[in-house]
file start.cif (mmCIF, C-alpha atoms)
data_coords
loop_
_atom_site.group_PDB
_atom_site.id
_atom_site.type_symbol
_atom_site.label_atom_id
_atom_site.label_comp_id
_atom_site.auth_asym_id
_atom_site.auth_seq_id
_atom_site.Cartn_x
_atom_site.Cartn_y
_atom_site.Cartn_z
ATOM 1 C CA MET A 1 9.049 -18.794 14.428
ATOM 2 C CA SER A 2 6.846 -21.005 16.635
ATOM 3 C CA ILE A 3 4.210 -19.634 19.016
ATOM 4 C CA TYR A 4 6.414 -20.574 21.973
ATOM 5 C CA GLU A 5 9.244 -18.386 20.656
ATOM 6 C CA GLN A 6 6.995 -15.298 20.535
ATOM 7 C CA GLU A 7 6.506 -13.089 23.564
ATOM 8 C CA TRP A 8 3.215 -11.615 22.298
ATOM 9 C CA PRO A 9 0.855 -12.047 19.332
ATOM 10 C CA LEU A 10 0.795 -9.383 16.630
ATOM 11 C CA THR A 11 -2.633 -7.765 16.910
ATOM 12 C CA ARG A 12 -4.741 -5.758 14.503
ATOM 13 C CA ALA A 13 -3.907 -2.631 16.512
ATOM 14 C CA ASP A 14 -0.192 -3.404 16.128
ATOM 15 C CA ILE A 15 -0.629 -3.720 12.373
ATOM 16 C CA VAL A 16 -2.547 -0.428 12.173
ATOM 17 C CA LYS A 17 0.237 1.296 14.103
ATOM 18 C CA GLY A 18 2.829 -0.209 11.784
ATOM 19 C CA LEU A 19 0.918 0.863 8.676
ATOM 20 C CA GLN A 20 0.657 4.396 9.999
ATOM 21 C CA GLY A 21 4.363 4.288 10.802
ATOM 22 C CA VAL A 22 5.252 3.740 7.133
ATOM 23 C CA GLY A 23 2.930 6.527 6.006
ATOM 24 C CA VAL A 24 -0.452 4.931 5.315
ATOM 25 C CA ARG A 25 -3.058 7.645 5.880
ATOM 26 C CA GLU A 26 -6.819 8.066 5.826
ATOM 27 C CA GLY A 27 -8.286 8.685 2.391
ATOM 28 C CA MET A 28 -5.537 6.909 0.442
ATOM 29 C CA THR A 29 -6.151 4.717 -2.573
ATOM 30 C CA LEU A 30 -3.957 1.770 -1.653
ATOM 31 C CA LEU A 31 -2.928 -1.145 -3.888
ATOM 32 C CA VAL A 32 -1.671 -3.917 -1.602
ATOM 33 C CA HIS A 33 0.551 -6.871 -2.507
ATOM 34 C CA SER A 34 1.098 -9.134 0.484
ATOM 35 C CA SER A 35 2.557 -12.286 1.970
ATOM 36 C CA MET A 36 0.896 -13.481 5.159
ATOM 37 C CA LYS A 37 3.893 -15.687 5.986
ATOM 38 C CA SER A 38 6.201 -12.680 6.046
ATOM 39 C CA PHE A 39 4.761 -11.425 9.339
ATOM 40 C CA ASN A 40 6.213 -14.566 10.963
ATOM 41 C CA ARG A 41 4.071 -13.826 14.003
ATOM 42 C CA TRP A 42 0.843 -15.265 15.318
ATOM 43 C CA ILE A 43 -1.980 -12.879 14.367
ATOM 44 C CA PRO A 44 -5.424 -13.309 15.957
ATOM 45 C CA GLY A 45 -7.776 -13.390 12.992
ATOM 46 C CA LYS A 46 -5.002 -14.011 10.447
ATOM 47 C CA SER A 47 -5.767 -12.569 6.986
ATOM 48 C CA GLN A 48 -9.068 -11.050 8.100
ATOM 49 C CA ALA A 49 -7.237 -9.071 10.787
ATOM 50 C CA VAL A 50 -4.744 -7.780 8.209
ATOM 51 C CA ILE A 51 -7.573 -6.605 5.942
ATOM 52 C CA GLU A 52 -9.385 -4.923 8.824
ATOM 53 C CA ALA A 53 -6.153 -3.180 9.836
ATOM 54 C CA LEU A 54 -5.647 -1.925 6.285
ATOM 55 C CA GLU A 55 -9.192 -0.578 6.143
ATOM 56 C CA GLU A 56 -8.858 1.077 9.530
ATOM 57 C CA ALA A 57 -5.619 2.756 8.446
ATOM 58 C CA ILE A 58 -7.122 4.255 5.255
ATOM 59 C CA GLY A 59 -10.499 5.016 6.854
ATOM 60 C CA PRO A 60 -13.956 5.130 5.220
ATOM 61 C CA GLN A 61 -12.799 7.617 2.564
ATOM 62 C CA GLY A 62 -9.919 5.386 1.475
ATOM 63 C CA THR A 63 -10.125 2.700 -1.210
ATOM 64 C CA LEU A 64 -8.402 -0.651 -0.773
ATOM 65 C CA VAL A 65 -7.308 -2.487 -3.937
ATOM 66 C CA MET A 66 -5.714 -5.916 -4.350
ATOM 67 C CA PRO A 67 -4.680 -8.112 -7.284
ATOM 68 C CA ALA A 68 -6.999 -11.016 -8.096
ATOM 69 C CA GLN A 69 -5.173 -12.551 -11.027
ATOM 70 C CA THR A 70 -5.992 -15.962 -12.480
ATOM 71 C CA ALA A 71 -3.052 -16.932 -14.665
ATOM 72 C CA ASP A 72 -4.447 -20.431 -15.207
ATOM 73 C CA LEU A 73 -7.267 -18.962 -17.317
ATOM 74 C CA SER A 74 -4.939 -18.447 -20.251
ATOM 75 C CA GLU A 75 -3.753 -19.818 -23.570
ATOM 76 C CA PRO A 76 -2.338 -23.292 -22.699
ATOM 77 C CA SER A 77 0.277 -23.219 -25.459
ATOM 78 C CA HIS A 78 2.105 -20.571 -23.386
ATOM 79 C CA TRP A 79 2.135 -22.595 -20.160
ATOM 80 C CA CYS A 80 5.583 -23.437 -18.822
ATOM 81 C CA ARG A 81 5.161 -24.115 -15.054
ATOM 82 C CA PRO A 82 4.422 -26.849 -15.934
ATOM 83 C CA PRO A 83 3.915 -27.106 -19.695
ATOM 84 C CA VAL A 84 1.156 -29.426 -20.869
ATOM 85 C CA PRO A 85 1.131 -31.729 -23.912
ATOM 86 C CA GLU A 86 0.024 -30.092 -27.160
ATOM 87 C CA ALA A 87 -2.726 -32.697 -27.487
ATOM 88 C CA TRP A 88 -4.293 -31.254 -24.331
ATOM 89 C CA TRP A 89 -4.534 -27.676 -25.615
ATOM 90 C CA PRO A 90 -7.899 -27.958 -27.423
ATOM 91 C CA ILE A 91 -9.374 -29.865 -24.477
ATOM 92 C CA ILE A 92 -8.295 -27.140 -22.045
ATOM 93 C CA ARG A 93 -9.707 -24.427 -24.303
ATOM 94 C CA ALA A 94 -13.007 -26.317 -24.516
ATOM 95 C CA GLU A 95 -13.363 -27.404 -20.893
ATOM 96 C CA MET A 96 -11.829 -24.695 -18.684
ATOM 97 C CA PRO A 97 -14.704 -23.144 -16.662
ATOM 98 C CA PRO A 98 -15.421 -19.516 -17.598
ATOM 99 C CA TYR A 99 -14.206 -16.597 -15.540
ATOM 100 C CA ARG A 100 -16.742 -15.343 -13.008
ATOM 101 C CA THR A 101 -16.128 -12.334 -10.800
ATOM 102 C CA ASP A 102 -18.000 -13.951 -7.903
ATOM 103 C CA LEU A 103 -16.632 -17.482 -8.111
ATOM 104 C CA THR A 104 -13.216 -17.735 -9.772
ATOM 105 C CA ALA A 105 -10.500 -17.998 -7.126
ATOM 106 C CA THR A 106 -7.257 -16.051 -7.355
ATOM 107 C CA ARG A 107 -4.036 -17.873 -8.222
ATOM 108 C CA GLY A 108 -0.712 -17.076 -6.555
ATOM 109 C CA MET A 109 -1.928 -13.818 -4.980
ATOM 110 C CA GLY A 110 -1.694 -14.984 -1.357
ATOM 111 C CA VAL A 111 -4.262 -15.652 1.349
ATOM 112 C CA VAL A 112 -4.876 -11.975 2.161
ATOM 113 C CA ALA A 113 -5.871 -11.177 -1.429
ATOM 114 C CA GLU A 114 -8.036 -14.294 -1.654
ATOM 115 C CA CYS A 115 -9.745 -13.503 1.659
ATOM 116 C CA PHE A 116 -10.423 -9.954 0.449
ATOM 117 C CA ARG A 117 -11.864 -11.246 -2.844
ATOM 118 C CA SER A 118 -14.353 -13.472 -1.034
ATOM 119 C CA GLN A 119 -15.679 -10.858 1.402
ATOM 120 C CA ASP A 120 -19.059 -9.158 1.088
ATOM 121 C CA GLY A 121 -18.850 -5.736 -0.507
ATOM 122 C CA THR A 122 -15.671 -6.419 -2.477
ATOM 123 C CA LEU A 123 -15.975 -5.586 -6.176
ATOM 124 C CA ARG A 124 -13.925 -7.240 -8.912
ATOM 125 C CA SER A 125 -12.980 -6.193 -12.428
ATOM 126 C CA ASN A 126 -14.065 -8.293 -15.382
ATOM 127 C CA HIS A 127 -10.712 -9.344 -16.876
ATOM 128 C CA PRO A 128 -10.361 -13.161 -16.931
ATOM 129 C CA GLN A 129 -6.591 -13.143 -16.252
ATOM 130 C CA THR A 130 -5.527 -9.892 -14.601
ATOM 131 C CA SER A 131 -8.510 -8.806 -12.519
ATOM 132 C CA PHE A 132 -8.319 -6.589 -9.442
ATOM 133 C CA THR A 133 -10.588 -6.296 -6.422
ATOM 134 C CA ALA A 134 -11.479 -3.132 -4.537
ATOM 135 C CA ARG A 135 -13.618 -1.762 -1.733
ATOM 136 C CA GLY A 136 -14.214 1.904 -0.958
ATOM 137 C CA PRO A 137 -15.520 5.112 -2.564
ATOM 138 C CA LEU A 138 -13.374 4.761 -5.717
ATOM 139 C CA ALA A 139 -13.859 1.005 -6.174
ATOM 140 C CA GLU A 140 -16.264 1.213 -9.117
ATOM 141 C CA THR A 141 -14.229 3.953 -10.800
ATOM 142 C CA ILE A 142 -11.000 1.956 -10.523
ATOM 143 C CA LEU A 143 -12.462 -1.360 -11.684
ATOM 144 C CA ARG A 144 -14.768 -0.276 -14.515
ATOM 145 C CA GLU A 145 -14.065 -0.971 -18.196
ATOM 146 C CA HIS A 146 -11.112 -3.299 -17.698
ATOM 147 C CA GLY A 147 -10.297 -3.982 -21.353
ATOM 148 C CA LEU A 148 -9.366 -7.458 -22.582
ATOM 149 C CA ASP A 149 -6.351 -6.340 -24.625
ATOM 150 C CA PHE A 150 -3.273 -5.438 -22.568
ATOM 151 C CA GLY A 151 -4.884 -6.196 -19.205
ATOM 152 C CA LEU A 152 -2.208 -4.380 -17.178
ATOM 153 C CA GLY A 153 -2.107 -1.338 -19.436
ATOM 154 C CA ASP A 154 -4.000 1.889 -19.993
ATOM 155 C CA GLN A 155 -7.458 0.289 -19.839
ATOM 156 C CA SER A 156 -6.730 -1.427 -16.521
ATOM 157 C CA PRO A 157 -7.286 -0.594 -12.841
ATOM 158 C CA LEU A 158 -3.556 0.156 -12.619
ATOM 159 C CA ALA A 159 -4.059 3.147 -14.901
ATOM 160 C CA ARG A 160 -7.039 4.339 -12.821
ATOM 161 C CA ILE A 161 -4.934 4.133 -9.649
ATOM 162 C CA TYR A 162 -2.271 6.174 -11.460
ATOM 163 C CA GLU A 163 -4.864 8.809 -12.415
ATOM 164 C CA HIS A 164 -6.100 9.097 -8.835
ATOM 165 C CA GLY A 165 -2.654 9.422 -7.257
ATOM 166 C CA GLY A 166 -2.763 6.073 -5.476
ATOM 167 C CA TYR A 167 -0.066 4.261 -3.522
ATOM 168 C CA VAL A 168 1.475 0.801 -3.660
ATOM 169 C CA LEU A 169 1.987 -1.058 -0.381
ATOM 170 C CA LEU A 170 4.313 -4.062 -0.455
ATOM 171 C CA LEU A 171 3.812 -6.247 2.614
ATOM 172 C CA GLY A 172 6.561 -8.839 2.790
ATOM 173 C CA VAL A 173 6.941 -9.157 -0.983
ATOM 174 C CA ASP A 174 9.501 -7.731 -3.381
ATOM 175 C CA HIS A 175 9.035 -5.753 -6.581
ATOM 176 C CA GLU A 176 8.524 -8.887 -8.670
ATOM 177 C CA SER A 177 5.019 -8.817 -7.157
ATOM 178 C CA ASN A 178 4.596 -5.111 -7.912
ATOM 179 C CA THR A 179 2.098 -5.177 -10.793
ATOM 180 C CA SER A 180 2.299 -1.410 -11.277
ATOM 181 C CA LEU A 181 5.646 -2.015 -12.978
ATOM 182 C CA HIS A 182 3.725 -3.883 -15.688
ATOM 183 C CA LEU A 183 1.859 -0.637 -16.383
ATOM 184 C CA ALA A 184 5.282 0.891 -16.975
ATOM 185 C CA GLU A 185 6.123 -2.004 -19.326
ATOM 186 C CA ASN A 186 2.983 -1.225 -21.316
ATOM 187 C CA ARG A 187 3.878 2.449 -21.623
ATOM 188 C CA ALA A 188 7.627 2.174 -22.187
ATOM 189 C CA SER A 189 9.105 1.764 -25.659
ATOM 190 C CA TRP A 190 12.087 -0.337 -26.657
ATOM 191 C CA PRO A 191 13.176 -2.389 -29.675
ATOM 192 C CA GLY A 192 11.953 -5.968 -29.771
ATOM 193 C CA LYS A 193 8.940 -5.538 -27.490
ATOM 194 C CA ARG A 194 6.940 -8.717 -28.061
ATOM 195 C CA LEU A 195 3.217 -9.379 -28.271
ATOM 196 C CA LEU A 196 1.410 -12.594 -27.360
ATOM 197 C CA GLN A 197 -1.939 -13.886 -28.556
ATOM 198 C CA GLN A 198 -3.698 -14.789 -25.329
ATOM 199 C CA GLY A 199 -7.012 -16.487 -24.647
ATOM 200 C CA ALA A 200 -9.412 -17.253 -21.817
ATOM 201 C CA PRO A 201 -12.946 -18.561 -21.216
ATOM 202 C CA ILE A 202 -15.576 -15.938 -20.343
ATOM 203 C CA LEU A 203 -19.360 -15.652 -20.276
ATOM 204 C CA VAL A 204 -20.910 -13.683 -23.139
ATOM 205 C CA ASP A 205 -24.652 -13.148 -22.592
ATOM 206 C CA GLY A 206 -24.571 -16.117 -20.233
ATOM 207 C CA VAL A 207 -22.857 -18.437 -22.727
ATOM 208 C CA ARG A 208 -19.303 -19.703 -22.273
ATOM 209 C CA GLN A 209 -16.906 -18.601 -24.998
ATOM 210 C CA TRP A 210 -13.169 -18.868 -25.490
ATOM 211 C CA VAL A 211 -12.009 -15.391 -26.473
ATOM 212 C CA GLU A 212 -8.640 -14.257 -27.790
ATOM 213 C CA PHE A 213 -6.887 -10.975 -27.079
ATOM 214 C CA GLU A 214 -3.480 -9.325 -27.299
ATOM 215 C CA GLU A 215 -1.016 -9.068 -24.441
ATOM 216 C CA PHE A 216 2.621 -8.168 -24.036
ATOM 217 C CA GLU A 217 5.166 -10.837 -23.163
ATOM 218 C CA TYR A 218 5.925 -9.455 -19.729
ATOM 219 C CA ASP A 219 9.356 -9.732 -18.122
ATOM 220 C CA ASP A 220 9.762 -9.018 -14.410
ATOM 221 C CA SER A 221 13.438 -10.000 -14.261
ATOM 222 C CA ASP A 222 14.546 -6.395 -13.661
ATOM 223 C CA PHE A 223 11.645 -5.335 -11.424
ATOM 224 C CA ASN A 224 13.598 -5.647 -8.177
ATOM 225 C CA GLU A 225 16.468 -3.627 -9.596
ATOM 226 C CA ILE A 226 14.113 -0.895 -10.847
ATOM 227 C CA GLY A 227 12.014 -0.825 -7.674
ATOM 228 C CA GLU A 228 15.010 -0.683 -5.370
ATOM 229 C CA ALA A 229 16.553 2.095 -7.470
ATOM 230 C CA PHE A 230 13.313 4.052 -7.101
ATOM 231 C CA GLU A 231 13.423 3.568 -3.330
ATOM 232 C CA ARG A 232 16.988 4.883 -3.192
ATOM 233 C CA MET A 233 16.265 7.958 -5.288
ATOM 234 C CA HIS A 234 12.912 9.058 -3.851
ATOM 235 C CA PRO A 235 12.820 10.327 -0.258
ATOM 236 C CA ASP A 236 9.012 10.032 -0.085
ATOM 237 C CA VAL A 237 9.252 6.220 -0.067
ATOM 238 C CA ARG A 238 8.624 4.900 3.449
ATOM 239 C CA SER A 239 9.537 1.479 4.809
ATOM 240 C CA GLY A 240 9.539 -0.336 8.124
ATOM 241 C CA ARG A 241 8.869 -3.675 9.770
ATOM 242 C CA ILE A 242 5.515 -4.799 11.123
ATOM 243 C CA GLY A 243 6.363 -7.870 13.129
ATOM 244 C CA ASN A 244 8.895 -9.457 10.774
ATOM 245 C CA CYS A 245 7.150 -8.177 7.644
ATOM 246 C CA LEU A 246 8.974 -5.526 5.620
ATOM 247 C CA ALA A 247 6.349 -2.943 4.626
ATOM 248 C CA ARG A 248 7.115 -0.462 1.846
ATOM 249 C CA LEU A 249 4.841 2.394 0.768
ATOM 250 C CA LEU A 250 5.468 3.886 -2.678
ATOM 251 C CA PRO A 251 3.641 6.599 -4.645
ATOM 252 C CA GLN A 252 2.419 4.701 -7.696
ATOM 253 C CA ARG A 253 2.452 7.500 -10.269
ATOM 254 C CA GLU A 254 6.038 8.470 -9.496
ATOM 255 C CA LEU A 255 7.079 4.809 -9.474
ATOM 256 C CA VAL A 256 5.533 4.127 -12.882
ATOM 257 C CA ASP A 257 7.046 7.260 -14.437
ATOM 258 C CA PHE A 258 10.464 6.358 -13.018
ATOM 259 C CA ALA A 259 10.189 2.792 -14.334
ATOM 260 C CA ILE A 260 9.204 3.981 -17.818
ATOM 261 C CA GLU A 261 12.265 6.224 -17.914
ATOM 262 C CA ARG A 262 14.506 3.449 -16.585
ATOM 263 C CA MET A 263 13.190 0.824 -19.033
ATOM 264 C CA THR A 264 13.551 3.182 -21.978
ATOM 265 C CA ALA A 265 17.024 4.322 -20.896
ATOM 266 C CA ARG A 266 18.178 0.739 -20.459
ATOM 267 C CA SER A 267 17.336 -0.065 -24.066
ATOM 268 C CA SER A 268 19.429 2.909 -25.242
ATOM 269 C CA GLY A 269 22.334 2.320 -22.830
ATOM 270 C CA THR A 270 21.878 5.600 -20.920
ATOM 271 C CA GLU A 271 20.730 4.265 -17.533
ATOM 272 C CA PRO A 272 21.651 6.693 -14.688
ATOM 273 C CA LYS A 273 23.544 5.822 -11.508
ATOM 274 C CA THR A 274 21.687 5.444 -8.208
ATOM 275 C CA LYS A 275 22.167 6.431 -4.570
ATOM 276 C CA GLU A 276 22.443 4.453 -1.364
ATOM 277 C CA ALA A 277 19.241 2.985 0.074
ATOM 278 C CA PRO A 278 17.596 4.753 3.041
ATOM 279 C CA PRO A 279 17.527 2.910 6.383
ATOM 280 C CA ILE A 280 14.568 0.706 7.323
ATOM 281 C CA THR A 281 12.543 1.802 10.339
ATOM 282 C CA GLU A 282 11.638 -0.910 12.817
ATOM 283 C CA VAL A 283 7.947 -0.735 13.760
ATOM 284 C CA GLN A 284 7.030 -2.912 16.696
#
call {"tool": "encode", "arguments": {"input": "start.cif", "output": "structure tokens"}}
result
Amino acid sequence: MSIYEQEWPLTRADIVKGLQGVGVREGMTLLVHSSMKSFNRWIPGKSQAVIEALEEAIGPQGTLVMPAQTADLSEPSHWCRPPVPEAWWPIIRAEMPPYRTDLTATRGMGVVAECFRSQDGTLRSNHPQTSFTARGPLAETILREHGLDFGLGDQSPLARIYEHGGYVLLLGVDHESNTSLHLAENRASWPGKRLLQQGAPILVDGVRQWVEFEEFEYDDSDFNEIGEAFERMHPDVRSGRIGNCLARLLPQRELVDFAIERMTARSSGTEPKTKEAPPITEVQ
């Protein structure tokens, strides 16, 4: 939609009102996955305005969390979009710059997440592939001790958000972007669950090293189905539109527990039936 097709800009105050309309409240721990394009409206201040609206909605006692993943810092033999020649693999392992919390840019997380990463006061976890950023009273607690092995599992910020009863906010993205479902993948059990040997460059005592660690071979192909089933079956899920952006607020702990049950049931052929989806509220 061009500027000339819009009656008014979408302001920070409009976004705050929309966030409150889908249930965002002061004091929340909020993990946000976002697409700036989804608003399809002209926003004064762009991604900065969205971040300021999020922080206003959760207040000074709330903690804002975003993904800051860097999938390119990974074992090149696993690359497929695009794959690289095998002869390049040792060169990539030797020459890829090391992960730095202050310098390494996010990859594929969107402009809001990248803007948040670069702002003063934002903290970042130390995982070279699956880091998260946070700002607020619980930021250090959520980001500390992000283990190398299974970077979206029980030693990750996702598990800390789970422990603290946090929420997931999807802004214009679907459940394929919902990293909390990877926590469920880590915790669920099914036959044939596969491990990968991963690698990435990091700094160890100021010296670059290529380190190897274990990770699951993640599969998000059923994430939309699982997430939408959760929305249908849980009345505490709130959704609405902010501009043209579909905003969905989900309690993370309940979502993860539901997904674990669904993933496990699917492997045994006992998956339950679901209900109709609730209506979407339009928030102007």
call {"tool": "resolve_selection", "arguments": {"input": "start.cif", "expression": "the PyMOL selection byres ((chain A and resi 17) around 12)", "output": "list of chain:residue names"}}
result
A:Leu10, A:Thr11, A:Arg12, A:Ala13, A:Asp14, A:Ile15, A:Val16, A:Gly18, A:Leu19, A:Gln20, A:Gly21, A:Val22, A:Gly23, A:Val24, A:Arg25, A:Val50, A:Ala53, A:Leu54, A:Glu56, A:Ala57, A:Ile58, A:Gly240, A:Arg241, A:Ile242, A:Gly243, A:Glu282, A:Val283, A:Gln284
call {"tool": "closest_residue", "arguments": {"input": "start.cif", "among": "A:Leu196, A:Val207, A:Val173, A:Tyr167", "to": "Glu254 of chain A", "atoms": "only C-alpha atoms"}}
result
A:Tyr167
call {"tool": "closest_atom_pairs", "arguments": {"input": "start.cif", "of": "segment 129-202 of chain A", "to": "segment 217-222 of chain A", "cutoff": "10 Å", "atoms": "only C-alpha atoms", "output": "JSON lines"}}
result
{"residue": "A:Leu152", "atom": "CA", "partner": "A:Tyr218", "partner_atom": "CA", "distance": 9.9}
{"residue": "A:His175", "atom": "CA", "partner": "A:Asp220", "partner_atom": "CA", "distance": 8.5}
{"residue": "A:Glu176", "atom": "CA", "partner": "A:Asp220", "partner_atom": "CA", "distance": 5.9}
{"residue": "A:Ser177", "atom": "CA", "partner": "A:Asp220", "partner_atom": "CA", "distance": 8.7}
{"residue": "A:Asn178", "atom": "CA", "partner": "A:Asp220", "partner_atom": "CA", "distance": 9.2}
{"residue": "A:Thr179", "atom": "CA", "partner": "A:Asp220", "partner_atom": "CA", "distance": 9.3}
{"residue": "A:Leu181", "atom": "CA", "partner": "A:Asp220", "partner_atom": "CA", "distance": 8.2}
{"residue": "A:His182", "atom": "CA", "partner": "A:Tyr218", "partner_atom": "CA", "distance": 7.2}
{"residue": "A:Glu185", "atom": "CA", "partner": "A:Tyr218", "partner_atom": "CA", "distance": 7.5}
{"residue": "A:Asn186", "atom": "CA", "partner": "A:Tyr218", "partner_atom": "CA", "distance": 8.9}
{"residue": "A:Lys193", "atom": "CA", "partner": "A:Glu217", "partner_atom": "CA", "distance": 7.8}
{"residue": "A:Arg194", "atom": "CA", "partner": "A:Glu217", "partner_atom": "CA", "distance": 5.6}
{"residue": "A:Leu195", "atom": "CA", "partner": "A:Glu217", "partner_atom": "CA", "distance": 5.7}
{"residue": "A:Leu196", "atom": "CA", "partner": "A:Glu217", "partner_atom": "CA", "distance": 5.9}
{"residue": "A:Gln197", "atom": "CA", "partner": "A:Glu217", "partner_atom": "CA", "distance": 9.4}
{"residue": "A:Gln198", "atom": "CA", "partner": "A:Glu217", "partner_atom": "CA", "distance": 9.9}
call {"tool": "atom_distance", "arguments": {"input": "start.cif", "atom1": "atom CA of Glu75 of chain A", "atom2": "atom CA of Ser118 of chain A"}}
result
25.7 Å
call {"tool": "atom_distance", "arguments": {"input": "start.cif", "atom1": "atom CA of Asp149 of chain A", "atom2": "atom CA of Thr101 of chain A"}}
result
18.0 Å
call {"tool": "residues_near_point", "arguments": {"input": "start.cif", "point": "(-6.3, -11.1, 7.1)", "cutoff": "8 Å", "atoms": "all atoms listed in the file", "output": "number ranges by chain"}}
result
A: 36, 45-52, 111-112, 115-116
call {"tool": "axis_aligned_box", "arguments": {"input": "start.cif", "around": "segment 216-229 of chain A", "padding_each_side": "6 Å", "output": "JSON"}}
result
{"center_x": 9.6, "center_y": -4.4, "center_z": -14.7, "size_x": 25.9, "size_y": 24.9, "size_z": 30.7}
call {"tool": "residues_near_point", "arguments": {"input": "start.cif", "point": "(-11.5, -20.1, -16.0)", "cutoff": "6 Å", "atoms": "only C-alpha atoms", "output": "list in words"}}
result
Leu73, Met96, Pro97, Pro98, Tyr99 and Pro201 of chain A
